[in-house]
Each structure stands twice: as structure tokens, then as C-alpha cells.
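Below is one structure; the comments refer to it alone.
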Amino acid sequence: MDWYLWVGFLQLGIALVGGFFGFLVVTSAPLWPFTGNRTVSTKQKIIGFVTGTIGTAGTIVLADGMIAALPYASRAFLTLMQLLGLQLVQLLIGAGVVVLGYLAYRFKRAKQTAYGAVEIMFAAAVAIVIAKQMSRIADWTGPAASLGAAVYVVSRGLGNYAEGVAKRTA
């Protein structure tokens with residue numbers, strides 16, 4: 001069997017472990033402050049498992065996509081810089097950040113619970129990418145700051161998720 005199939009099976013196993021943790025979170029009422037309900041139905045247990053599995057799988061796929069795209073990012077930047085010039089490319093990057101931030105804001109306003117879940121998945125995927133690059137670096141300042149930022153994004157994601165659930169149940 002080729003190595004990438006083993007990696008795929010390992011990632012599938014990790015996704016199922018994530019589903020198991022989703023099941024545990026739903027069944028342990030003290031750990032799940034988003035609902036005041038202490039009884040858990042079979043449907044809620046299944047939803048917890050499926051949500052945990054999909055969330056973990058989505059995180060892995062997002063991290064894999066980032067890792068696969070990283071080698072092409074510098075080449076794309078250099079090509080754009082040769083075609084458009086450095087200042088225009090920098091301006092486009094700044095404008096792109098503002099546009100993506102606005103779209104994220106609109107998504108948060110429309111579906112705050114889903115936005116919180118995506119925030120958590122994105123932060124976990126970024127942490128995986130950062131950890132992958134930490135093998136032989138001399139200066140740990142950038143990765144440490146990036147991992148700290150990822151922790152903050154997870155915290156915000158949990159807050160957005162809780163607020164979205166509270167709005168939905170109110």
C-alpha cells in the first residue's frame with residue numbers, strides 16, 4: 001500500500017477519534033455549558049459524534065490544503081510582483097484582507113454558530129501548519145506568537161459558538 005493511503009487512513013482514524021470526543025462532550029453535561037439540558041437523547045449523541053467527526057475531518061482537510069499550497073505561495077507572489085509591481089501587489093493583498101474580513105463578518109452575522117465552528121477549525125489547521133514548520137527553526141518568536149494567536153482564535157470561536165447557540169435558543 002502506498003504511503004499516502006496510510007496517511008489517509010490515519011487521518012480518517014483521527015477524525016473518528018474527534019467524533020468520539022464530540023460524543024463525550026455532548027454526553028457530559030458539566031463540560032457542555034451551551035445547553036441547560038442535563039438529559040441527552042440518542043439523537044443528540046449521534047449529532048455530537050457526527051459533528052466531532054466532521055469538524056476534525058474538516059480541520060485535517062484544511063490543514064492539508066494549506067500545506068499543499070504553501071510551496072506555491074512564494075512563486076505566485078513573485079510572479080504577481082513581476083507582472084504588477086511590488087506596490088500594487090502589496091495593495092491588492094491589503095485589499096484582499098479587508099474583503100475577506102468583511103465576508104467573514106457577514107458570515108458571522110448570518111450564522112454565528114457555524115462561524116464559531118469554522119473559527120475553531122481554522123485555528124487548529126493553522127496550528128498544524130505552524131507545528132509542521134517548526135522542525136528546524138532557530139528563532140521561535142514567530143511560531144510562538146502564531147500559536148498564541150491560534151489559541152486566541154479558538155477562544156473567540158468558542159465564544160461565537162456559545163453566543164450563536166444562545167441566540168438560537170432564546
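Convention: chains lettered A, B, ... in C-alpha cells order; per-chain residue numbering from 1; ligands numbered from 1 as shown.
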Q. Could you name the residues that touch Leu16 of chain A at 12 Å or less, counting only C-alpha atoms, but leaving out those on the same chain fewer than 3 positions away, as an MDAnalysis selection string?
A. chainID A and resid 9:13 19:23 48:58 60
Restricting it to N, CA and C atoms, dump the selection as a CSV table (one decimal), in the first residue's frame.
chain,number,residue,atom,x,y,z
A,9,PHE,N,-5.7,6.8,5.9
A,9,PHE,CA,-6.3,6.0,6.9
A,9,PHE,C,-6.1,6.6,8.3
A,10,LEU,N,-4.9,7.1,8.5
A,10,LEU,CA,-4.5,7.6,9.8
A,10,LEU,C,-5.4,8.9,10.1
A,11,GLN,N,-5.5,9.7,9.0
A,11,GLN,CA,-6.4,10.9,9.2
A,11,GLN,C,-7.8,10.5,9.4
A,12,LEU,N,-8.3,9.5,8.7
A,12,LEU,CA,-9.7,9.0,9.0
A,12,LEU,C,-9.8,8.6,10.4
A,13,GLY,N,-8.8,7.8,10.9
A,13,GLY,CA,-8.9,7.4,12.3
A,13,GLY,C,-8.9,8.6,13.3
A,19,GLY,N,-14.7,12.4,16.5
A,19,GLY,CA,-16.2,12.1,16.7
A,19,GLY,C,-16.4,11.6,18.1
A,20,PHE,N,-15.5,10.7,18.6
A,20,PHE,CA,-15.7,10.2,19.9
A,20,PHE,C,-15.6,11.3,20.9
A,21,PHE,N,-14.7,12.2,20.8
A,21,PHE,CA,-14.7,13.4,21.7
A,21,PHE,C,-15.9,14.2,21.6
A,22,GLY,N,-16.5,14.4,20.4
A,22,GLY,CA,-17.7,15.1,20.2
A,22,GLY,C,-18.9,14.4,21.0
A,23,PHE,N,-18.9,13.1,20.9
A,23,PHE,CA,-19.9,12.3,21.7
A,23,PHE,C,-19.7,12.5,23.2
A,48,GLY,N,-23.5,14.8,18.2
A,48,GLY,CA,-22.2,15.0,18.8
A,48,GLY,C,-21.1,14.3,18.1
A,49,PHE,N,-21.4,13.0,17.8
A,49,PHE,CA,-20.4,12.2,17.2
A,49,PHE,C,-20.1,12.6,15.7
A,50,VAL,N,-21.2,12.9,15.0
A,50,VAL,CA,-21.1,13.3,13.6
A,50,VAL,C,-20.4,14.7,13.5
A,51,THR,N,-20.8,15.6,14.4
A,51,THR,CA,-20.2,17.0,14.4
A,51,THR,C,-18.7,16.9,14.8
A,52,GLY,N,-18.4,16.1,15.7
A,52,GLY,CA,-16.9,15.9,16.1
A,52,GLY,C,-16.1,15.3,14.9
A,53,THR,N,-16.7,14.3,14.3
A,53,THR,CA,-16.0,13.7,13.1
A,53,THR,C,-15.9,14.7,12.0
A,54,ILE,N,-16.9,15.4,11.6
A,54,ILE,CA,-16.9,16.3,10.5
A,54,ILE,C,-16.0,17.5,10.8
A,55,GLY,N,-16.0,18.0,12.1
A,55,GLY,CA,-15.2,19.1,12.5
A,55,GLY,C,-13.7,18.7,12.4
A,56,THR,N,-13.4,17.5,12.9
A,56,THR,CA,-12.0,17.1,12.9
A,56,THR,C,-11.5,16.8,11.4
A,57,ALA,N,-12.4,16.2,10.7
A,57,ALA,CA,-12.0,15.9,9.3
A,57,ALA,C,-11.9,17.2,8.5
A,58,GLY,N,-12.7,18.2,8.7
A,58,GLY,CA,-12.6,19.5,8.1
A,58,GLY,C,-11.3,20.2,8.4
A,60,ILE,N,-8.5,18.7,9.3
A,60,ILE,CA,-7.4,18.0,8.7
A,60,ILE,C,-7.3,18.3,7.2
**Q.** Which residue of A:Glu119, A:Asp2, A:Asp139, A:Asp64 approaches Gly159 of chain A most closely, using only C-alpha atoms
**A.** A:Glu119
Q | Nearby residues (only C-alpha atoms) at most 9 Å from Thr113 of chain A, same-chain spacing under 5 positions excluded, as a PyMOL selection string | A | chain A and resi 108+118+157-158+160-165+168
